[in-house]
$ cat start.txt   # compact mmCIF, C-alpha atoms and all ligand atoms
# COMPACT_ATOMS: atom_id res chain seq x y z
CA MET Y 1 99.45 127.28 88.15
CA SER Y 2 101.44 126.05 91.11
CA CYS Y 3 101.42 128.10 94.26
CA PRO Y 4 102.59 126.73 97.65
CA HIS Y 5 99.60 128.28 99.50
CA TYR Y 6 96.96 127.09 97.04
CA ASN Y 7 95.91 123.75 98.59
CA GLN Y 8 94.05 122.33 95.61
CA ARG Y 9 94.99 120.28 92.56
CA GLU Y 10 94.49 121.81 89.15
CA PHE Y 11 91.79 120.13 87.04
CA GLU Y 12 93.94 119.51 83.96
CA GLY Y 13 92.40 120.65 80.69
CA SER Y 14 93.01 117.27 79.00
CA ILE Y 15 90.83 115.32 81.50
CA HIS Y 16 87.84 113.64 79.81
CA THR Y 17 84.53 114.95 81.10
CA ASP Y 18 81.80 114.00 78.62
CA PHE Y 19 80.46 110.47 79.16
CA ASN Y 20 77.16 110.83 77.37
CA ASP Y 21 78.46 108.70 74.49
CA ASP Y 22 81.65 107.39 76.05
CA MET Y 23 82.17 104.47 78.45
CA SER Y 24 82.93 105.72 81.96
CA TYR Y 25 84.55 103.97 84.92
CA GLY Y 26 81.14 103.23 86.46
CA ASP Y 27 79.77 101.92 83.14
CA TYR Y 28 82.67 99.49 82.74
CA LEU Y 29 82.40 98.20 86.31
CA ASN Y 30 78.58 98.10 86.50
CA LEU Y 31 78.84 100.27 89.59
CA ASP Y 32 75.17 101.28 89.44
CA GLN Y 33 74.27 97.62 90.00
CA ILE Y 34 76.95 96.83 92.56
CA LEU Y 35 76.45 99.96 94.65
CA SER Y 36 72.68 99.64 94.71
CA ALA Y 37 72.80 96.01 95.85
CA GLN Y 38 72.91 96.87 99.58
CA THR Y 39 69.36 96.54 100.90
CA PRO Y 40 69.34 96.50 104.72
CA LEU Y 41 66.23 94.94 106.25
CA THR Y 42 66.33 97.05 109.40
CA GLY Y 43 67.17 100.66 110.14
CA GLU Y 44 70.14 99.54 112.26
CA HIS Y 45 73.36 101.42 111.52
CA ASP Y 46 75.62 98.33 111.65
CA GLU Y 47 73.66 96.24 109.17
CA MET Y 48 75.46 98.07 106.32
CA LEU Y 49 78.84 96.85 107.61
CA PHE Y 50 77.46 93.31 107.83
CA ILE Y 51 76.13 93.38 104.27
CA ILE Y 52 79.19 94.98 102.69
CA ILE Y 53 81.68 92.70 104.39
CA HIS Y 54 79.80 89.67 103.08
CA GLN Y 55 79.42 91.10 99.58
CA ALA Y 56 83.10 92.11 99.38
CA SER Y 57 84.08 88.63 100.62
CA GLU Y 58 81.92 87.03 97.94
CA LEU Y 59 83.69 89.04 95.24
CA TRP Y 60 87.09 87.92 96.53
CA LEU Y 61 85.83 84.32 96.73
CA LYS Y 62 84.66 84.59 93.14
CA LEU Y 63 88.12 85.70 92.06
CA ALA Y 64 89.80 82.98 94.13
CA GLY Y 65 87.55 80.35 92.50
CA HIS Y 66 88.42 81.74 89.05
CA GLU Y 67 92.14 81.56 89.83
CA LEU Y 68 91.98 78.08 91.37
CA THR Y 69 90.11 76.76 88.33
CA ALA Y 70 92.97 78.11 86.21
CA ALA Y 71 95.50 76.46 88.54
CA VAL Y 72 93.77 73.07 88.20
CA ASN Y 73 93.84 73.45 84.39
CA ASN Y 74 97.49 74.55 84.40
CA LEU Y 75 98.45 71.48 86.40
CA LYS Y 76 96.49 69.21 84.06
CA GLU Y 77 98.91 70.44 81.38
CA ALA Y 78 101.92 70.21 83.73
CA ASN Y 79 102.32 73.98 83.31
CA TYR Y 80 104.05 74.61 86.62
CA SER Y 81 105.03 78.25 86.15
CA HIS Y 82 101.51 79.43 85.35
CA ALA Y 83 100.10 77.36 88.22
CA PHE Y 84 102.62 78.92 90.63
CA LYS Y 85 101.57 82.39 89.59
CA VAL Y 86 97.86 81.88 90.20
CA ILE Y 87 98.34 79.85 93.39
CA SER Y 88 100.39 82.74 94.81
CA ARG Y 89 97.59 85.10 93.89
CA VAL Y 90 95.06 82.91 95.72
CA LYS Y 91 97.25 83.05 98.83
CA HIS Y 92 97.15 86.86 98.80
CA ILE Y 93 93.37 86.85 98.22
CA LEU Y 94 92.93 84.61 101.27
CA ASN Y 95 95.11 86.93 103.33
CA GLN Y 96 92.99 89.85 102.17
CA LEU Y 97 89.85 87.97 103.25
CA THR Y 98 91.38 87.20 106.64
CA GLN Y 99 92.09 90.92 107.17
CA SER Y 100 88.39 91.68 106.82
CA TRP Y 101 87.68 89.99 110.18
CA ASN Y 102 89.37 92.96 111.85
CA VAL Y 103 86.74 95.28 110.43
CA LEU Y 104 83.92 92.92 111.41
CA SER Y 105 85.25 92.57 114.96
CA THR Y 106 84.19 96.18 115.57
CA LEU Y 107 80.62 94.79 115.60
CA THR Y 108 79.71 94.02 119.22
CA PRO Y 109 77.27 91.26 120.30
CA VAL Y 110 74.76 93.96 121.20
CA ASP Y 111 75.09 95.65 117.78
CA TYR Y 112 74.59 92.33 115.97
CA LEU Y 113 71.56 91.25 118.02
CA LYS Y 114 69.75 94.38 116.88
CA PHE Y 115 69.38 92.95 113.36
CA ARG Y 116 70.21 89.22 113.67
CA ASP Y 117 66.55 88.11 113.68
CA ALA Y 118 66.03 89.78 110.29
CA LEU Y 119 68.54 87.34 108.73
CA GLY Y 120 66.17 84.37 109.17
CA HIS Y 121 67.95 81.13 108.20
CA SER Y 122 70.40 82.79 105.82
CA SER Y 123 74.04 82.02 106.65
CA GLY Y 124 77.48 82.01 105.09
CA PHE Y 125 77.10 78.26 105.18
CA GLN Y 126 75.05 78.69 102.00
CA SER Y 127 77.88 80.61 100.27
CA TYR Y 128 78.42 78.80 96.99
CA GLY Y 129 81.57 80.80 96.27
CA TYR Y 130 83.06 79.39 99.46
CA ARG Y 131 81.88 75.83 98.81
CA LYS Y 132 83.38 76.02 95.33
CA MET Y 133 86.75 76.95 96.88
CA GLU Y 134 86.57 74.06 99.37
CA PHE Y 135 85.69 71.58 96.61
CA LEU Y 136 88.37 72.91 94.23
CA LEU Y 137 90.98 72.53 96.95
CA GLY Y 138 89.79 69.00 97.75
CA ASN Y 139 87.48 69.16 100.77
CA LYS Y 140 84.70 67.18 99.09
CA ASN Y 141 81.40 66.64 100.86
CA ALA Y 142 78.34 65.79 98.77
CA SER Y 143 75.88 66.39 101.62
CA PHE Y 144 76.76 70.11 101.60
CA LEU Y 145 75.10 70.39 98.16
CA GLN Y 146 71.66 70.02 99.76
CA VAL Y 147 71.43 73.67 100.76
CA HIS Y 148 71.67 74.67 97.07
CA GLU Y 149 68.74 72.60 95.80
CA SER Y 150 66.56 75.70 95.41
CA LYS Y 151 69.09 77.08 92.87
CA PRO Y 152 69.50 74.39 90.17
CA GLN Y 153 72.23 76.23 88.24
CA VAL Y 154 74.39 76.69 91.34
CA HIS Y 155 73.68 73.10 92.42
CA GLN Y 156 74.79 71.82 89.02
CA GLU Y 157 78.00 73.85 88.99
CA LEU Y 158 78.94 72.68 92.48
CA SER Y 159 78.02 69.09 91.66
CA ASP Y 160 80.28 69.22 88.57
CA ILE Y 161 83.18 70.53 90.65
CA LEU Y 162 82.52 67.90 93.31
CA HIS Y 163 82.93 65.14 90.71
CA GLN Y 164 86.04 66.59 89.06
CA PRO Y 165 89.61 66.10 90.28
CA SER Y 166 90.57 68.78 92.81
CA LEU Y 167 93.79 70.78 92.82
CA TYR Y 168 95.43 68.14 95.03
CA ASP Y 169 94.12 65.28 92.83
CA GLU Y 170 95.85 66.93 89.85
CA VAL Y 171 99.04 67.35 91.87
CA LEU Y 172 99.00 63.65 92.79
CA ILE Y 173 98.48 62.70 89.15
CA LEU Y 174 101.60 64.78 88.33
CA LEU Y 175 103.48 63.08 91.15
CA SER Y 176 102.59 59.71 89.66
CA GLN Y 177 103.49 60.85 86.12
CA SER Y 178 106.91 61.93 87.34
CA GLY Y 179 107.72 58.28 88.00
CA MET Y 180 106.89 57.97 91.71
CA ALA Y 181 105.18 54.77 92.82
CA ILE Y 182 101.68 56.06 93.60
CA ASP Y 183 98.92 53.66 94.56
CA PRO Y 184 96.47 53.56 91.57
CA ALA Y 185 93.61 53.89 94.06
CA VAL Y 186 94.79 57.51 94.51
CA THR Y 187 94.84 58.63 90.88
CA ASP Y 188 91.93 56.53 89.64
CA ARG Y 189 89.21 57.09 92.18
CA ASP Y 190 85.75 58.56 92.63
CA PHE Y 191 86.75 62.21 92.94
CA SER Y 192 83.45 63.15 94.59
CA GLN Y 193 84.60 61.32 97.72
CA PRO Y 194 86.80 63.02 100.31
CA TYR Y 195 90.50 62.41 99.81
CA SER Y 196 92.08 60.35 102.55
CA ARG Y 197 95.76 60.12 103.37
CA ASN Y 198 97.72 57.45 101.52
CA GLU Y 199 101.03 55.82 102.45
CA SER Y 200 102.41 55.75 98.88
CA VAL Y 201 101.77 59.51 98.58
CA LEU Y 202 103.53 60.16 101.87
CA LYS Y 203 106.58 58.16 100.72
CA ALA Y 204 106.64 60.01 97.38
CA TRP Y 205 106.56 63.43 99.08
CA ILE Y 206 109.31 62.42 101.51
CA HIS Y 207 111.40 61.44 98.47
CA VAL Y 208 110.66 64.80 96.77
CA TYR Y 209 111.69 66.78 99.86
CA GLN Y 210 114.84 64.71 100.42
CA ASN Y 211 115.81 65.16 96.77
CA ALA Y 212 114.49 68.66 96.24
CA GLU Y 213 117.11 69.63 93.63
CA GLN Y 214 116.04 66.74 91.35
CA HIS Y 215 112.32 67.40 91.80
CA PHE Y 216 112.36 71.15 92.21
CA ASP Y 217 109.03 71.84 90.46
CA LEU Y 218 107.16 69.36 92.66
CA TYR Y 219 108.97 70.64 95.74
CA GLU Y 220 108.08 74.25 94.97
CA LEU Y 221 104.50 73.26 94.15
CA ALA Y 222 104.18 71.46 97.50
CA GLU Y 223 105.41 74.53 99.37
CA LYS Y 224 102.91 76.72 97.49
CA LEU Y 225 100.13 74.34 98.56
CA ILE Y 226 101.28 74.66 102.15
CA ASP Y 227 101.00 78.46 101.76
CA ILE Y 228 97.40 78.04 100.58
CA GLU Y 229 96.41 75.73 103.43
CA ASP Y 230 98.11 78.00 105.94
CA ALA Y 231 96.22 81.04 104.61
CA PHE Y 232 92.94 79.12 104.40
CA GLN Y 233 93.22 77.86 107.98
CA GLN Y 234 93.86 81.40 109.17
CA TRP Y 235 90.61 82.49 107.50
CA ARG Y 236 88.73 79.57 109.09
CA PHE Y 237 90.25 80.32 112.51
CA LYS Y 238 89.53 84.06 112.42
CA HIS Y 239 85.96 83.38 111.26
CA MET Y 240 85.40 80.92 114.12
CA TYR Y 241 86.99 83.28 116.64
CA THR Y 242 85.08 86.34 115.43
CA VAL Y 243 81.85 84.33 115.54
CA GLN Y 244 82.64 83.25 119.11
CA ARG Y 245 83.30 86.87 120.02
CA ILE Y 246 79.99 88.00 118.56
CA ILE Y 247 77.51 85.16 119.32
CA GLY Y 248 79.31 83.01 121.92
CA ASN Y 249 77.94 79.47 121.78
CA LYS Y 250 74.57 80.30 120.23
CA MET Y 251 73.39 78.19 117.29
CA GLY Y 252 74.07 79.58 113.83
CA THR Y 253 71.35 81.17 111.70
CA GLY Y 254 72.02 78.32 109.23
CA GLY Y 255 71.02 75.78 111.89
CA SER Y 256 74.38 74.32 112.95
CA SER Y 257 75.77 74.20 116.48
CA GLY Y 258 77.73 77.37 115.61
CA VAL Y 259 81.27 77.71 116.95
CA GLU Y 260 81.52 73.94 117.68
CA PHE Y 261 80.68 73.22 114.04
CA LEU Y 262 83.20 75.79 112.78
CA LYS Y 263 85.96 74.38 115.04
CA LYS Y 264 85.60 70.96 113.38
CA ALA Y 265 86.56 72.49 110.02
CA LEU Y 266 89.96 73.35 111.50
CA ASP Y 267 90.79 69.62 111.64
CA ILE Y 268 90.31 69.22 107.88
CA SER Y 269 93.50 69.30 105.82
CA PHE Y 270 93.46 69.62 102.04
CA PHE Y 271 96.94 68.17 101.69
CA PRO Y 272 97.43 65.78 104.64
CA GLU Y 273 100.68 64.13 103.53
CA LEU Y 274 102.39 67.49 103.00
CA PHE Y 275 102.11 68.13 106.72
CA GLU Y 276 102.84 64.54 107.76
CA LEU Y 277 106.07 64.36 105.73
CA ARG Y 278 107.64 67.03 107.93
CA THR Y 279 107.73 64.61 110.86
CA HIS Y 280 109.75 62.16 108.79
CA LEU Y 281 112.48 64.43 107.44
C1 LIG W 1 78.56 88.47 112.58
C2 LIG W 1 79.25 87.82 111.67
C3 LIG W 1 79.16 86.35 111.44
C4 LIG W 1 78.62 85.38 112.22
C5 LIG W 1 77.96 85.51 113.59
C6 LIG W 1 78.78 84.13 111.49
C7 LIG W 1 78.36 82.90 111.97
C8 LIG W 1 78.48 81.71 111.29
C9 LIG W 1 78.05 80.43 111.80
C10 LIG W 1 77.46 80.18 113.18
C11 LIG W 1 78.29 79.52 110.84
C12 LIG W 1 77.96 78.02 110.89
C13 LIG W 1 76.75 77.71 110.04
C14 LIG W 1 75.46 78.19 110.65
O1 LIG W 1 74.85 77.46 111.45
O2 LIG W 1 75.03 79.32 110.35
C15 LIG W 1 78.90 80.21 109.72
C16 LIG W 1 79.33 79.62 108.56
C17 LIG W 1 79.94 80.27 107.55
N1 LIG W 1 80.15 81.64 107.44
FE1 LIG W 1 79.85 82.98 108.89
N2 LIG W 1 79.44 84.37 110.31
C18 LIG W 1 79.67 85.71 110.23
C19 LIG W 1 80.29 86.37 109.19
C20 LIG W 1 80.72 85.78 108.04
C21 LIG W 1 81.34 86.48 106.94
C22 LIG W 1 81.69 87.97 106.88
C23 LIG W 1 81.59 85.56 105.98
C24 LIG W 1 82.22 85.88 104.66
C25 LIG W 1 81.86 85.34 103.53
C26 LIG W 1 81.11 84.29 106.46
C27 LIG W 1 81.16 83.11 105.77
C28 LIG W 1 80.78 81.88 106.27
C29 LIG W 1 81.00 80.63 105.58
C30 LIG W 1 81.68 80.47 104.23
C31 LIG W 1 80.50 79.62 106.38
C32 LIG W 1 80.57 78.11 106.12
C33 LIG W 1 81.85 77.60 106.83
C34 LIG W 1 82.04 76.10 106.77
O3 LIG W 1 81.42 75.42 105.96
O4 LIG W 1 82.88 75.62 107.55
N3 LIG W 1 80.62 84.46 107.71
N4 LIG W 1 79.01 81.54 110.03
$ encode --input "start.txt" --output "structure tokens"
Amino acid sequence: MSCPHYNQREFEGSIHTDFNDDMSYGDYLNLDQILSAQTPLTGEHDEMLFIIIHQASELWLKLAGHELTAAVNNLKEANYSHAFKVISRVKHILNQLTQSWNVLSTLTPVDYLKFRDALGHSSGFQSYGYRKMEFLLGNKNASFLQVHESKPQVHQELSDILHQPSLYDEVLILLSQSGMAIDPAVTDRDFSQPYSRNESVLKAWIHVYQNAEQHFDLYELAEKLIDIEDAFQQWRFKHMYTVQRIIGNKMGTGGSSGVEFLKKALDISFFPELFELRTHL
């Protein structure tokens, strides 16, 4: 019955109500597990925000890792259109993650200090979802595996990703397969080592950008990678800035110098030649 003064929605007769033997929303999503996984260590009001923002970020990182793995596989098969689709999705996930700093910024230094000691040495630095993302994108650093030695399965997964070609390695293999003169030291290298800028790659990208119509797939792919780095750097920057706002120049719970350590990450580029080429156009 619809009545303009009756401010309530009718519970339609066809709505399913009996979930004794039927799968419900919560059953499908394992909500009992997810929503009972918040276990604050103090009675401080703001610890719940701190826990949930980290847990939500980890879920998004898990999805981003899943999508980036698909992108690497798509590129291995030179399947540009599928790679474009998932790379775009990763960009939006990163933007979503960056937005979450606005919620966290409502935590003042005083609020945080009330429960910081309870965190011990735990730190986002030990986030394996995040390290997986960094490795998949190409920021390889074997020494960062050390913090995962107490979890052999995680250590193994990260070590495997460290040794495999990253997203950018696959892109450079495609660049070489498209007939560009790429230094073999780029495509046939120890992928566990950090990628360093190469002159032949720079020249190839300049050629792609100057002849975009002929190499449109590579050109579009390069611009999508720029989107990813842009979004990733915004996350890194907002994290560093939020941390500075909350703990100043204190050391991190993970043992690093804190903000100084986070600032150094801002100098790391996944796709160095894609930025350098712009100077030469
Ligand atoms: C009060 C909030 C936060 C503070 C004060 C903080 C502080 C820090 C500090 C100081 C580090 C450097 C490592 C260390 O010594 O601990 C770090 C690293 C890290 N944090 Fe946070 N963080 C906060 C929130 C978050 C959130 C919400 C996430 C989301 C997942 C996160 C993810 C990370 C990651 C992934 C790293 C490693 C970054 C890298 O390797 O460059 N942090 N954090």
$ atom_distance --input "start.txt" --atom1 "atom CA of Gln146 of chain Y" --atom2 "atom CA of Ala265 of chain Y"
18.3 Å
$ closest_residue --input "start.txt" --among "Y:Tyr25, Y:Phe216, Y:Trp235, Y:Phe270" --to "ligand LIG 1 (chain W)" --atoms "only C-alpha atoms and all ligand atoms"
Y:Trp235
$ atom_distance --input "start.txt" --atom1 "atom CA of Leu266 of chain Y" --atom2 "atom CA of Thr187 of chain Y"
25.8 Å
$ residues_near_ligand --input "start.txt" --ligand "ligand LIG 1 (chain W)" --cutoff "6 Å" --atoms "only C-alpha atoms and all ligand atoms" --output "number ranges by chain"
Y: 53-54, 57-58, 123-125, 127, 130, 243, 246-247, 252-256, 258-259, 262, 265
$ residues_around --input "start.txt" --residues "segment 225-232 of chain Y" --least-positions-apart "2" --cutoff "12 Å" --atoms "all atoms listed in the file" --output "number ranges by chain"
Y: 61, 64, 68, 71, 83-84, 86-99, 130, 133-134, 137-139, 167-168, 171, 218-223, 234-239, 265-278
$ residues_around --input "start.txt" --residues "Glu77 of chain Y" --least-positions-apart "5" --cutoff "12 Å" --atoms "only C-alpha atoms" --output "PyMOL selection string"
chain Y and resi 70-72+82-83+170-171+173-174+177
$ write_last_selection --input "start.txt" --atoms "C-alpha atoms" --output "short mmCIF file (atom, residue, chain, number, x, y, z; two decimals), keeping the file's coordinate frame"
data_model
loop_
_atom_site.label_atom_id
_atom_site.label_comp_id
_atom_site.auth_asym_id
_atom_site.auth_seq_id
_atom_site.Cartn_x
_atom_site.Cartn_y
_atom_site.Cartn_z
CA ALA Y 70 92.97 78.11 86.21
CA ALA Y 71 95.50 76.46 88.54
CA VAL Y 72 93.77 73.07 88.20
CA HIS Y 82 101.51 79.43 85.35
CA ALA Y 83 100.10 77.36 88.22
CA GLU Y 170 95.85 66.93 89.85
CA VAL Y 171 99.04 67.35 91.87
CA ILE Y 173 98.48 62.70 89.15
CA LEU Y 174 101.60 64.78 88.33
CA GLN Y 177 103.49 60.85 86.12
#
$ decode --input "start.txt" --residues "segment 105-128 of chain Y" --atoms "N, CA and C atoms" --output "JSON list (two decimals), in the first residue's frame"
[["chain", "number", "residue", "atom", "x", "y", "z"],
["Y", 105, "SER", "N", 43.12, 10.21, 9.00],
["Y", 105, "SER", "CA", 43.63, 11.52, 9.46],
["Y", 105, "SER", "C", 42.77, 12.10, 10.59],
["Y", 106, "THR", "N", 41.60, 11.52, 10.84],
["Y", 106, "THR", "CA", 40.80, 12.01, 11.97],
["Y", 106, "THR", "C", 41.37, 11.50, 13.30],
["Y", 107, "LEU", "N", 42.39, 10.62, 13.21],
["Y", 107, "LEU", "CA", 43.06, 10.11, 14.41],
["Y", 107, "LEU", "C", 44.16, 11.12, 14.78],
["Y", 108, "THR", "N", 44.08, 11.70, 15.95],
["Y", 108, "THR", "CA", 45.10, 12.69, 16.35],
["Y", 108, "THR", "C", 46.30, 11.97, 16.98],
["Y", 109, "PRO", "N", 47.44, 12.67, 17.10],
["Y", 109, "PRO", "CA", 48.61, 12.06, 17.75],
["Y", 109, "PRO", "C", 48.27, 11.57, 19.17],
["Y", 110, "VAL", "N", 47.45, 12.35, 19.86],
["Y", 110, "VAL", "CA", 47.10, 11.98, 21.24],
["Y", 110, "VAL", "C", 46.25, 10.71, 21.25],
["Y", 111, "ASP", "N", 45.30, 10.63, 20.31],
["Y", 111, "ASP", "CA", 44.44, 9.42, 20.21],
["Y", 111, "ASP", "C", 45.31, 8.19, 19.98],
["Y", 112, "TYR", "N", 46.26, 8.32, 19.03],
["Y", 112, "TYR", "CA", 47.07, 7.17, 18.62],
["Y", 112, "TYR", "C", 47.98, 6.71, 19.76],
["Y", 113, "LEU", "N", 48.57, 7.68, 20.48],
["Y", 113, "LEU", "CA", 49.50, 7.31, 21.56],
["Y", 113, "LEU", "C", 48.83, 6.50, 22.67],
["Y", 114, "LYS", "N", 47.51, 6.60, 22.74],
["Y", 114, "LYS", "CA", 46.79, 5.87, 23.79],
["Y", 114, "LYS", "C", 46.88, 4.36, 23.58],
["Y", 115, "PHE", "N", 47.07, 3.92, 22.32],
["Y", 115, "PHE", "CA", 47.15, 2.46, 22.11],
["Y", 115, "PHE", "C", 48.40, 2.03, 21.34],
["Y", 116, "ARG", "N", 49.27, 2.98, 20.97],
["Y", 116, "ARG", "CA", 50.43, 2.62, 20.13],
["Y", 116, "ARG", "C", 51.32, 1.56, 20.77],
["Y", 117, "ASP", "N", 51.55, 1.65, 22.09],
["Y", 117, "ASP", "CA", 52.45, 0.70, 22.75],
["Y", 117, "ASP", "C", 51.95, -0.74, 22.61],
["Y", 118, "ALA", "N", 50.62, -0.89, 22.52],
["Y", 118, "ALA", "CA", 50.05, -2.25, 22.43],
["Y", 118, "ALA", "C", 50.41, -2.92, 21.10],
["Y", 119, "LEU", "N", 50.85, -2.13, 20.12],
["Y", 119, "LEU", "CA", 51.13, -2.70, 18.78],
["Y", 119, "LEU", "C", 52.47, -3.44, 18.75],
["Y", 120, "GLY", "N", 53.31, -3.22, 19.77],
["Y", 120, "GLY", "CA", 54.63, -3.88, 19.79],
["Y", 120, "GLY", "C", 55.42, -3.53, 18.55],
["Y", 121, "HIS", "N", 56.01, -4.53, 17.89],
["Y", 121, "HIS", "CA", 56.81, -4.29, 16.68],
["Y", 121, "HIS", "C", 56.01, -4.54, 15.41],
["Y", 122, "SER", "N", 54.70, -4.70, 15.53],
["Y", 122, "SER", "CA", 53.92, -4.93, 14.32],
["Y", 122, "SER", "C", 53.83, -3.62, 13.54],
["Y", 123, "SER", "N", 53.88, -3.74, 12.21],
["Y", 123, "SER", "CA", 53.87, -2.54, 11.35],
["Y", 123, "SER", "C", 53.43, -2.94, 9.95],
["Y", 124, "GLY", "N", 52.85, -1.99, 9.25],
["Y", 124, "GLY", "CA", 52.46, -2.22, 7.85],
["Y", 124, "GLY", "C", 53.64, -2.64, 7.00],
["Y", 125, "PHE", "N", 54.83, -2.41, 7.50],
["Y", 125, "PHE", "CA", 56.03, -2.83, 6.77],
["Y", 125, "PHE", "C", 56.01, -4.35, 6.55],
["Y", 126, "GLN", "N", 55.32, -5.04, 7.45],
["Y", 126, "GLN", "CA", 55.24, -6.51, 7.33],
["Y", 126, "GLN", "C", 54.04, -6.96, 6.50],
["Y", 127, "SER", "N", 53.36, -6.01, 5.84],
["Y", 127, "SER", "CA", 52.20, -6.37, 5.02],
["Y", 127, "SER", "C", 52.66, -7.14, 3.78],
["Y", 128, "TYR", "N", 52.28, -8.42, 3.71],
["Y", 128, "TYR", "CA", 52.73, -9.18, 2.53],
["Y", 128, "TYR", "C", 51.88, -8.88, 1.31]]
